[in-house]
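Asks: Below is the file work20.txt, which contains compact mmCIF, C-alpha atoms.
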```
# COMPACT_ATOMS: atom_id res chain seq x y z
CA MET S 1 145.79 51.32 15.45
CA SER S 2 142.88 50.94 13.03
CA GLY S 3 140.51 51.32 15.99
CA MET S 4 141.98 54.72 16.62
CA THR S 5 141.63 55.82 12.98
CA ASP S 6 138.07 54.55 12.95
CA PHE S 7 137.31 56.56 16.05
CA LEU S 8 138.82 59.74 14.61
CA GLU S 9 137.06 59.19 11.30
CA ASN S 10 133.78 58.72 13.10
CA LEU S 11 134.35 61.87 15.18
CA GLY S 12 135.24 63.90 12.08
CA ALA S 13 132.16 62.66 10.24
CA ARG S 14 129.93 63.60 13.17
CA VAL S 15 131.39 67.11 13.47
CA THR S 16 131.18 67.84 9.73
CA GLY S 17 127.65 66.45 9.76
CA ALA S 18 126.66 68.75 12.62
CA VAL S 19 128.25 71.81 11.00
CA HIS S 20 126.61 70.94 7.69
CA ARG S 21 123.20 70.66 9.36
CA LEU S 22 123.70 73.92 11.24
CA GLY S 23 124.61 75.67 8.00
CA PHE S 24 121.57 74.19 6.28
CA ALA S 25 119.35 75.26 9.18
CA SER S 26 120.73 78.81 9.05
CA ARG S 27 120.14 79.11 5.32
CA PHE S 28 116.67 77.70 5.87
CA LEU S 29 116.00 80.42 8.49
CA LEU S 30 117.22 83.12 6.09
CA LEU S 31 115.01 81.70 3.36
CA THR S 32 112.03 81.67 5.74
CA LEU S 33 112.65 85.29 6.73
CA ARG S 34 113.01 86.35 3.11
CA ASN S 35 109.78 84.62 2.14
CA SER S 36 107.77 86.02 5.04
CA GLY S 37 106.18 88.76 2.95
CA LEU S 38 103.11 86.71 2.09
CA CYS S 39 102.14 85.87 5.66
CA PHE S 40 102.17 89.55 6.65
CA ARG S 41 100.13 90.54 3.61
CA ARG S 42 97.69 87.72 4.38
CA PHE S 43 97.87 87.75 8.15
CA SER S 44 95.01 85.24 8.42
CA LEU S 45 97.59 82.55 7.59
CA VAL S 46 99.50 83.43 10.77
CA VAL S 47 96.29 83.79 12.80
CA ARG S 48 95.28 80.26 11.85
CA GLU S 49 98.62 78.88 13.03
CA MET S 50 98.48 80.99 16.19
CA TYR S 51 95.30 79.12 17.04
CA PHE S 52 97.19 75.82 16.97
CA ALA S 53 100.43 77.05 18.55
CA GLY S 54 99.03 79.54 21.05
CA VAL S 55 95.38 79.01 21.90
CA LEU S 56 95.72 75.25 22.24
CA SER S 57 98.73 75.72 24.55
CA LEU S 58 96.73 78.07 26.80
CA ILE S 59 95.41 75.48 29.24
CA ILE S 60 98.73 73.72 29.87
CA ILE S 61 100.52 77.07 30.30
CA LEU S 62 97.96 78.56 32.69
CA VAL S 63 97.65 75.42 34.82
CA SER S 64 101.43 74.86 34.99
CA GLY S 65 102.00 78.52 35.84
CA LEU S 66 99.48 78.35 38.65
CA PHE S 67 101.04 75.21 40.13
CA VAL S 68 104.63 76.45 39.78
CA GLY S 69 103.62 79.68 41.53
CA MET S 70 101.88 77.82 44.33
CA VAL S 71 104.87 75.54 44.89
CA LEU S 72 107.17 78.59 44.90
CA GLY S 73 104.90 80.12 47.53
CA LEU S 74 105.10 77.07 49.78
CA GLN S 75 108.81 76.39 49.35
CA GLY S 76 109.79 80.04 49.47
CA TYR S 77 107.81 80.58 52.66
CA ASP S 78 109.45 77.55 54.23
CA THR S 79 112.93 78.97 53.57
CA LEU S 80 112.19 82.64 54.24
CA VAL S 81 110.45 82.05 57.55
CA ARG S 82 113.72 80.69 58.96
CA TYR S 83 115.26 84.12 58.46
CA GLY S 84 112.20 85.91 59.71
CA SER S 85 111.60 87.53 56.35
CA SER S 86 108.46 85.79 55.15
CA SER S 87 107.11 89.18 54.05
CA ALA S 88 109.64 89.04 51.19
CA LEU S 89 107.73 86.07 49.71
CA GLY S 90 106.27 88.29 47.00
CA VAL S 91 109.75 89.35 45.90
CA LEU S 92 110.95 85.77 45.72
CA VAL S 93 107.95 84.52 43.76
CA ALA S 94 107.84 87.46 41.34
CA LEU S 95 111.56 87.67 40.63
CA SER S 96 112.08 83.95 40.09
CA LEU S 97 109.05 83.78 37.79
CA VAL S 98 109.62 86.93 35.77
CA ARG S 99 113.36 86.50 35.34
CA GLU S 100 113.77 82.75 34.93
CA LEU S 101 110.92 80.33 35.37
CA GLY S 102 108.36 82.15 33.25
CA PRO S 103 110.35 82.27 30.00
CA VAL S 104 112.17 78.95 30.54
CA VAL S 105 109.34 76.70 31.70
CA ALA S 106 106.88 78.27 29.27
CA GLY S 107 109.51 77.72 26.53
CA LEU S 108 109.95 74.04 27.47
CA LEU S 109 106.19 73.49 27.56
CA PHE S 110 105.79 75.36 24.28
CA ALA S 111 108.46 73.19 22.66
CA SER S 112 106.79 69.97 23.72
CA ARG S 113 103.22 71.11 23.12
CA ALA S 114 103.44 73.26 20.00
CA GLY S 115 106.93 72.60 18.59
CA SER S 116 106.40 68.86 18.31
CA ALA S 117 103.02 69.39 16.64
CA ILE S 118 104.53 71.78 14.08
CA THR S 119 107.30 69.31 13.23
CA ALA S 120 104.90 66.37 12.94
CA GLU S 121 102.52 68.35 10.74
CA ILE S 122 105.20 69.59 8.34
CA GLY S 123 106.86 66.17 8.32
CA LEU S 124 103.59 64.46 7.43
CA MET S 125 102.92 67.02 4.71
CA LYS S 126 106.27 66.00 3.29
CA VAL S 127 105.52 62.26 3.58
CA THR S 128 102.19 62.66 1.81
CA GLU S 129 103.94 64.84 -0.79
CA GLN S 130 101.75 67.85 -0.12
CA LEU S 131 104.79 70.13 -0.16
CA ALA S 132 105.86 68.75 -3.54
CA ALA S 133 102.29 69.16 -4.82
CA MET S 134 102.32 72.81 -3.77
CA GLU S 135 105.51 73.38 -5.71
CA MET S 136 103.88 71.75 -8.71
CA MET S 137 101.08 74.30 -8.44
CA ALA S 138 103.67 77.11 -8.26
CA VAL S 139 102.81 77.78 -4.61
CA ASP S 140 105.96 78.30 -2.56
CA PRO S 141 105.72 75.92 0.43
CA ILE S 142 108.16 78.08 2.43
CA SER S 143 106.00 81.18 2.31
CA ARG S 144 102.68 79.28 2.45
CA VAL S 145 103.47 76.59 5.07
CA ILE S 146 106.74 77.28 6.88
CA ALA S 147 106.74 81.07 7.42
CA PRO S 148 103.23 81.32 8.95
CA ARG S 149 104.06 78.58 11.47
CA PHE S 150 107.39 80.20 12.30
CA TRP S 151 105.87 83.64 12.91
CA ALA S 152 102.93 82.22 14.83
CA GLY S 153 105.42 80.60 17.22
CA VAL S 154 107.49 83.78 17.54
CA ILE S 155 104.40 85.85 18.38
CA SER S 156 102.77 83.30 20.68
CA MET S 157 105.77 82.48 22.84
CA PRO S 158 106.22 85.87 24.65
CA LEU S 159 102.48 86.04 25.29
CA LEU S 160 102.48 82.54 26.76
CA ALA S 161 105.50 83.34 28.95
CA ALA S 162 103.81 86.49 30.26
CA MET S 163 100.67 84.49 31.05
CA PHE S 164 102.76 81.87 32.82
CA SER S 165 104.48 84.51 34.99
CA ALA S 166 101.25 86.34 35.78
CA MET S 167 99.50 83.10 36.66
CA GLY S 168 102.48 82.07 38.81
CA VAL S 169 102.40 85.35 40.75
CA PHE S 170 98.70 84.77 41.29
CA GLY S 171 99.43 81.21 42.50
CA GLY S 172 102.07 82.50 44.88
CA TYR S 173 99.57 85.06 46.14
CA LEU S 174 96.92 82.37 46.68
CA VAL S 175 99.24 80.18 48.71
CA GLY S 176 101.25 82.89 50.46
CA VAL S 177 98.53 85.37 51.34
CA ARG S 178 95.27 83.40 51.25
CA MET S 179 96.49 80.08 52.63
CA ILE S 180 99.51 80.76 54.84
CA GLY S 181 98.61 84.30 55.83
CA VAL S 182 101.56 86.45 54.79
CA ASP S 183 100.53 90.10 55.06
CA GLU S 184 98.92 91.13 51.78
CA GLY S 185 100.28 94.68 51.86
CA SER S 186 103.90 93.70 52.31
CA PHE S 187 103.54 90.88 49.77
CA TRP S 188 102.68 93.35 47.00
CA SER S 189 104.62 96.40 48.16
CA GLN S 190 107.92 94.56 48.66
CA MET S 191 107.42 92.91 45.28
CA GLN S 192 106.76 96.26 43.61
CA ALA S 193 109.79 97.82 45.28
CA ALA S 194 112.13 95.01 44.24
CA VAL S 195 110.96 94.26 40.68
CA ASP S 196 112.39 96.66 38.15
CA PHE S 197 110.53 97.10 34.88
CA GLN S 198 113.58 97.24 32.66
CA GLU S 199 115.98 94.94 34.50
CA ASP S 200 113.51 92.21 35.33
CA ILE S 201 110.34 92.32 33.27
CA LEU S 202 111.75 93.58 29.99
CA ASN S 203 114.69 91.17 30.16
CA GLY S 204 112.24 88.34 30.79
CA VAL S 205 110.25 89.35 27.72
CA ILE S 206 113.46 89.52 25.64
CA LYS S 207 114.31 86.01 26.80
CA SER S 208 110.91 84.68 25.81
CA VAL S 209 111.16 86.28 22.35
CA VAL S 210 114.57 84.65 21.83
CA PHE S 211 113.21 81.28 22.98
CA GLY S 212 110.22 81.71 20.68
CA VAL S 213 112.49 82.25 17.67
CA ALA S 214 114.69 79.29 18.65
CA VAL S 215 111.84 76.82 19.24
CA SER S 216 109.90 77.82 16.12
CA TRP S 217 113.03 77.70 14.00
CA ILE S 218 113.99 74.23 15.25
CA ALA S 219 110.43 72.93 14.89
CA VAL S 220 109.90 74.06 11.28
CA PHE S 221 113.41 73.02 10.28
CA GLU S 222 113.15 69.53 11.76
CA GLY S 223 109.80 69.05 10.05
CA TYR S 224 111.06 70.27 6.69
CA ASP S 225 114.25 68.21 6.98
CA ALA S 226 112.57 64.99 8.19
CA PRO S 227 113.15 61.87 6.07
CA PRO S 228 109.80 61.19 4.36
CA THR S 229 109.01 58.00 6.24
CA ALA S 230 106.91 57.21 9.30
CA GLU S 231 110.06 56.59 11.32
CA GLY S 232 111.72 59.74 10.02
CA VAL S 233 108.81 61.92 11.15
CA SER S 234 108.69 60.34 14.59
CA ARG S 235 112.43 60.83 15.01
CA ALA S 236 112.21 64.44 13.84
CA THR S 237 109.45 65.11 16.39
CA THR S 238 111.57 63.68 19.19
CA ARG S 239 114.57 65.68 18.00
CA THR S 240 112.53 68.88 18.04
CA VAL S 241 111.65 68.46 21.70
CA VAL S 242 115.16 67.41 22.76
CA THR S 243 117.04 70.00 20.71
CA SER S 244 114.76 72.89 21.61
CA SER S 245 114.81 72.03 25.31
CA LEU S 246 118.61 71.95 25.35
CA THR S 247 118.76 75.11 23.23
CA ILE S 248 116.43 76.94 25.61
CA LEU S 249 118.51 76.00 28.65
CA ALA S 250 121.82 76.90 26.97
CA LEU S 251 120.45 80.19 25.59
CA ASP S 252 118.99 80.98 29.01
CA PHE S 253 122.40 80.67 30.61
CA MET S 254 123.98 82.87 27.94
CA LEU S 255 121.26 85.52 28.14
CA THR S 256 121.35 85.56 31.95
CA ALA S 257 125.14 85.92 31.94
CA PHE S 258 124.79 88.71 29.39
CA MET S 259 122.12 90.57 31.38
CA PHE S 260 123.83 90.01 34.74
CA ARG S 261 124.93 93.30 36.25
CA GLY S 262 126.94 91.99 39.17
CA ASP S 263 126.13 94.78 41.60
CA MET V 1 87.85 72.58 9.81
CA MET V 2 86.85 75.27 12.18
CA LYS V 3 85.03 78.31 10.92
CA ARG V 4 87.20 81.29 10.23
CA LYS V 5 85.27 83.57 12.59
CA ALA V 6 85.51 81.30 15.62
CA LEU V 7 89.22 80.89 14.96
CA ASP V 8 89.79 84.64 14.79
CA LEU V 9 87.81 85.04 18.01
CA TRP V 10 89.91 82.50 19.88
CA VAL V 11 93.18 83.99 18.69
CA GLY V 12 91.85 87.41 19.68
CA VAL V 13 91.04 86.11 23.15
CA PHE V 14 94.50 84.54 23.36
CA VAL V 15 96.29 87.75 22.38
CA ALA V 16 94.14 89.79 24.75
CA ILE V 17 94.94 87.50 27.69
CA GLY V 18 98.65 87.62 26.79
CA LEU V 19 98.71 91.41 26.63
CA GLY V 20 96.67 91.55 29.83
CA ALA V 21 99.26 89.36 31.55
CA LEU V 22 102.06 91.65 30.32
CA LEU V 23 100.16 94.68 31.60
CA PHE V 24 99.62 92.97 34.95
CA LEU V 25 103.35 92.22 35.22
CA ALA V 26 104.29 95.80 34.29
CA LEU V 27 101.79 97.61 36.50
CA LYS V 28 101.05 95.35 39.45
CA VAL V 29 104.32 93.39 39.77
CA GLY V 30 106.82 95.91 38.43
CA ASP V 31 104.87 98.97 39.59
CA LEU V 32 105.82 100.84 36.44
CA ALA V 33 103.30 103.61 37.03
CA SER V 34 104.88 104.76 40.29
CA TYR V 35 108.26 106.00 39.21
CA SER V 36 108.49 106.54 35.48
CA THR V 37 105.82 109.21 35.21
CA THR V 38 106.95 111.53 38.00
CA GLU V 39 109.12 114.53 37.19
CA THR V 40 112.37 114.88 39.09
CA TYR V 41 115.13 117.40 39.74
CA LEU V 42 118.80 116.62 40.15
CA VAL V 43 120.84 117.49 43.26
CA MET V 44 124.54 116.75 43.74
CA ALA V 45 126.27 115.67 46.95
CA ASN V 46 129.92 114.89 47.70
CA PHE V 47 130.84 112.16 50.15
CA ASP V 48 134.22 111.07 51.57
CA ASN V 49 133.09 107.49 51.40
CA ILE V 50 129.88 106.05 49.98
CA GLY V 51 130.40 102.50 51.28
CA GLY V 52 128.23 100.14 49.27
CA LEU V 53 125.79 102.69 47.82
CA LYS V 54 124.53 101.75 44.37
CA LYS V 55 122.76 103.38 41.48
CA ARG V 56 118.98 103.42 41.84
CA ALA V 57 119.24 103.13 45.63
CA PRO V 58 116.39 104.97 47.34
CA VAL V 59 116.69 108.51 48.69
CA LYS V 60 114.60 108.81 51.83
CA SER V 61 113.56 111.64 54.06
CA ALA V 62 111.84 110.78 57.35
CA GLY V 63 111.68 107.22 56.03
CA VAL V 64 109.66 108.13 52.94
CA VAL V 65 111.18 107.44 49.52
CA VAL V 66 111.49 110.85 47.82
CA GLY V 67 113.91 109.97 45.02
CA ARG V 68 116.62 107.69 43.70
CA VAL V 69 120.39 107.74 43.28
CA GLU V 70 120.82 108.69 39.64
CA ASN V 71 124.56 108.38 39.20
CA ILE V 72 127.76 107.85 41.16
CA GLY V 73 131.07 109.40 40.06
CA PHE V 74 134.54 110.15 41.40
CA ASP V 75 135.98 113.65 41.65
CA THR V 76 139.68 113.49 40.74
CA GLU V 77 140.44 116.89 42.30
CA THR V 78 139.02 116.41 45.76
CA TYR V 79 139.16 112.58 45.70
CA GLU V 80 135.57 112.44 46.84
CA ALA V 81 132.60 110.50 45.55
CA THR V 82 130.04 112.63 43.73
CA VAL V 83 126.51 111.30 43.96
CA ALA V 84 123.69 112.64 41.81
CA LEU V 85 120.28 112.34 43.46
CA SER V 86 117.11 112.67 41.40
CA ILE V 87 114.36 113.88 43.68
CA ASP V 88 110.64 113.91 43.00
CA LYS V 89 109.39 117.38 41.93
CA ARG V 90 106.57 117.13 44.46
CA TYR V 91 109.04 117.28 47.35
CA GLU V 92 110.94 120.53 47.88
CA PHE V 93 113.75 120.77 50.37
CA PRO V 94 115.48 123.80 52.00
CA ARG V 95 118.91 124.83 50.66
CA ASP V 96 120.76 123.69 53.81
CA THR V 97 119.41 120.13 53.71
CA SER V 98 122.01 117.55 54.77
CA ALA V 99 122.57 114.09 53.28
CA LYS V 100 123.67 110.97 55.10
CA ILE V 101 124.40 107.47 53.85
CA LEU V 102 122.49 105.03 56.00
CA THR V 103 121.95 101.29 56.09
CA ALA V 104 118.56 99.61 56.25
CA GLY V 105 118.89 97.16 59.11
CA LEU V 106 122.22 95.64 60.10
CA LEU V 107 122.96 93.97 56.76
CA GLY V 108 120.45 95.67 54.50
CA GLU V 109 121.01 97.81 51.44
CA GLN V 110 122.37 101.34 51.77
CA TYR V 111 120.34 104.42 51.00
CA VAL V 112 120.68 108.20 51.19
CA GLY V 113 118.85 109.91 54.02
CA LEU V 114 117.94 113.60 53.70
CA ALA V 115 117.42 115.76 56.79
CA ALA V 116 115.76 119.11 56.04
CA GLY V 117 117.38 122.28 57.36
CA GLY V 118 115.84 125.65 58.22
CA ASP V 119 116.67 127.78 55.17
CA THR V 120 113.76 129.53 53.48
CA ALA V 121 115.28 129.19 50.00
CA LYS V 122 114.52 125.86 48.31
CA LEU V 123 116.90 123.48 46.54
CA LYS V 124 116.96 123.90 42.77
CA SER V 125 118.04 121.50 40.05
CA GLY V 126 121.86 121.30 39.92
CA ASP V 127 122.38 122.53 43.49
CA LYS V 128 124.94 120.89 45.71
CA LEU V 129 124.30 119.67 49.24
CA LYS V 130 126.97 121.19 51.51
CA ILE V 131 126.55 119.09 54.63
CA THR V 132 127.09 115.39 54.05
CA GLN V 133 127.96 112.44 56.22
CA SER V 134 129.73 109.37 54.86
CA ALA V 135 128.71 105.78 55.15
CA VAL V 136 129.77 103.94 58.26
CA VAL V 137 132.46 101.46 57.29
CA LEU V 138 132.42 98.54 59.67
CA GLU V 139 136.17 97.89 59.47
CA ASN V 140 136.96 101.48 60.50
CA LEU V 141 134.61 101.20 63.45
CA ILE V 142 136.21 97.97 64.62
CA SER V 143 139.76 99.27 64.24
CA GLN V 144 138.79 102.44 66.13
CA PHE V 145 137.31 100.32 68.89
CA LEU V 146 140.38 98.09 69.10
CA PHE V 147 142.66 101.14 69.10
CA ASN V 148 140.72 102.66 72.00
CA LYS V 149 140.86 99.39 73.92
CA ALA V 150 144.61 99.18 73.35
CA ALA V 151 145.03 102.77 74.54
CA GLU V 152 143.02 102.00 77.67
CA GLY V 153 145.18 98.94 78.30
CA THR V 154 148.44 100.91 78.29
CA LYS V 155 146.88 103.58 80.57
CA ASP V 156 145.82 100.95 83.12
CA GLY V 157 149.21 99.27 82.96
CA LYS V 158 151.09 102.38 84.04
```
Represent the supplied structure as structure tokens.

Replies:
Amino acid sequence: MSGMTDFLENLGARVTGAVHRLGFASRFLLLTLRNSGLCFRRFSLVVREMYFAGVLSLIIILVSGLFVGMVLGLQGYDTLVRYGSSSALGVLVALSLVRELGPVVAGLLFASRAGSAITAEIGLMKVTEQLAAMEMMAVDPISRVIAPRFWAGVISMPLLAAMFSAMGVFGGYLVGVRMIGVDEGSFWSQMQAAVDFQEDILNGVIKSVVFGVAVSWIAVFEGYDAPPTAEGVSRATTRTVVTSSLTILALDFMLTAFMFRGD
Amino acid sequence: MMKRKALDLWVGVFVAIGLGALLFLALKVGDLASYSTTETYLVMANFDNIGGLKKRAPVKSAGVVVGRVENIGFDTETYEATVALSIDKRYEFPRDTSAKILTAGLLGEQYVGLAAGGDTAKLKSGDKLKITQSAVVLENLISQFLFNKAAEGTKDGK
């Protein structure tokens, strides 16, 4: 009987803990948004963080996009040729990249490349008491440290996703047209006929903006909330990657279901 | 610590590549330039049955895309489907043009086919196409075929 009560007690503690953390994270996001004034007045703060979040993620995003596109070209051709419609390869590559793979894979890469770095940096600032020192000097760490990193992530993510998709389409073109020999004209023209600007491209961009907000939010929050020990920072970094990956996949399902027209 | 200028330059390059990628997706992949800038006029057509026609389906004449299906409605007085076609301003059609609902390939998507008539007056915005032909519904075809077969059978039996 006591085993049962223990179990229920444990479950209750976990749920209240999770709700408590979520509430804390939401208030933290509100606080970040409210204290964002400084980083738009001094935009160089955001530019500096965009260098670390965006420019340093360029290589991994471009290379992954190219390879994902090339694999899509090979696999898509293999399937389409069975139905005698290999000329629709461009449609397959472009739609899967623009609608799903671009935002999602770029988001996952962004979370592990930039999100983890943001968390580790903020966590270490906390360990070495830099955040406390800032407060001592009457500098608000939220508006000086947190908000610029948050906005840099939000701005960088859609750009990275667009680069990923564009690079993937180029990879699909390389493999499909240059290597296998699908007709170049039908590759592009069928793609252009099937891809709708609003339904496909704009929805993909909306997805990447949402993922950017989610990943940046999780990364700065985990860093700010990390216990000020070496172990605490390492755990927070891991949690950033795990939580943001799961969040991206769950949000992607919700957004896709929301944008799905069904006709 | 990197110099401020070099940092700004790199971020500038990053943003430029990102915007370039977006532009590439919009223009080359989505072909935004081809259909949002052209002016169109609206023509109505009533059909007994539109089959699986959808909004934004192409309107073709002689196989060339000349417009898109703008809207599909239902007329509660005649119990017919009313289809609004937005046609590119560059293409003018005679007043007695007829519209047909056709299928691309055996299982492909459905589109509206326009066949020009001989009238000298041109279609204007808001005009209605008088001659229309409904979509071919496969079930009706099959039941017609079976019915004919059955009729033949009874004739032979006599």

Asks: One number please: CA of Ser134 in chain V to CA of Lys55 in chain V, in Å, one decimal.

Replies: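 Taking CA of Ser134 in chain V and CA of Lys55 in chain V, their separation equals 16.2 Å.
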
Asks: What residues in chain V have any atom no more than 12 Å from chain S when counting only C-alpha atoms, and can you write them as a ChimeraX atom specification?

Replies: /V:1-36,52-58,65,109

Asks: With only C-alpha atoms as the atoms that count, which of S:Asp252, S:Asp140, S:Glu121, S:Glu199 lies nearest to Tyr224 in chain S?

Replies: S:Glu121

Asks: Which of these residues is nearest to Glu39 in chain V, using all atoms listed in the file: V:Ser125, V:Val112, V:Pro94, V:Val64?

Replies: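 Result for the nearest residue to Glu39 in chain V: V:Ser125.
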
Asks: One decimal, Å: what's the distance from CA of Phe28 in chain S over to CA of Phe253 in chain S, could you say?

Replies: 25.6 Å

Asks: One decimal, Å: what's the distance from CA of Asp96 in chain V over to CA of Asp119 in chain V, could you say?

Replies: 5.9 Å

Asks: Mind checking which residues fall within 6 Å of range 228-233 of chain S, counting all atoms listed in the file, ignoring those fewer than 3 positions away in the same chain, and posting them as a PyMOL selection string?

Replies: chain S and resi 123+127+236

Asks: Ala147 in chain S: which residues within 12 Å, counting all atoms listed in the file, same-chain residues fewer than 4 positions away excluded, as a count of residues only?

Replies: 35

Asks: Considering all atoms listed in the file, state which residue in the set V:Gly117, V:Gly67, V:Gly153, V:Gly73 is at the smallest distance from Val43 in chain V.

Replies: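 Answer, going by the shortest atom-to-atom distance: V:Gly67.
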
Asks: Between S:Leu249, S:Val19, S:Leu108, S:Val71, which one has atoms that come closest to Leu92 in chain S, using all atoms listed in the file?

Replies: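 Going through S:Leu249, S:Val19, S:Leu108, S:Val71 one by one, the smallest distance to Leu92 in chain S is for S:Val71.
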
Asks: Residues within 7 Å of (108.5, 80.2, 31.9), file coordinates, counting all atoms listed in the file: what are they? Give the list as number ranges by chain.

Replies: S: 97, 100-107, 161, 164-165

Asks: Those same residues - C-alpha atoms - I'd like them written as a PDB file, in the coordinates of the input.

Replies:
```pdb
ATOM      1  CA  LEU S  97     109.050  83.780  37.790  1.00  0.00           C
ATOM      2  CA  GLU S 100     113.770  82.750  34.930  1.00  0.00           C
ATOM      3  CA  LEU S 101     110.920  80.330  35.370  1.00  0.00           C
ATOM      4  CA  GLY S 102     108.360  82.150  33.250  1.00  0.00           C
ATOM      5  CA  PRO S 103     110.350  82.270  30.000  1.00  0.00           C
ATOM      6  CA  VAL S 104     112.170  78.950  30.540  1.00  0.00           C
ATOM      7  CA  VAL S 105     109.340  76.700  31.700  1.00  0.00           C
ATOM      8  CA  ALA S 106     106.880  78.270  29.270  1.00  0.00           C
ATOM      9  CA  GLY S 107     109.510  77.720  26.530  1.00  0.00           C
ATOM     10  CA  ALA S 161     105.500  83.340  28.950  1.00  0.00           C
ATOM     11  CA  PHE S 164     102.760  81.870  32.820  1.00  0.00           C
ATOM     12  CA  SER S 165     104.480  84.510  34.990  1.00  0.00           C
TER      13      SER S 165
END
```

Asks: Using all atoms listed in the file for the distances, tell me which of S:Glu184, S:Glu222, S:Asp6, S:Glu135 is nearest to Gly172 in chain S.

Replies: S:Glu184
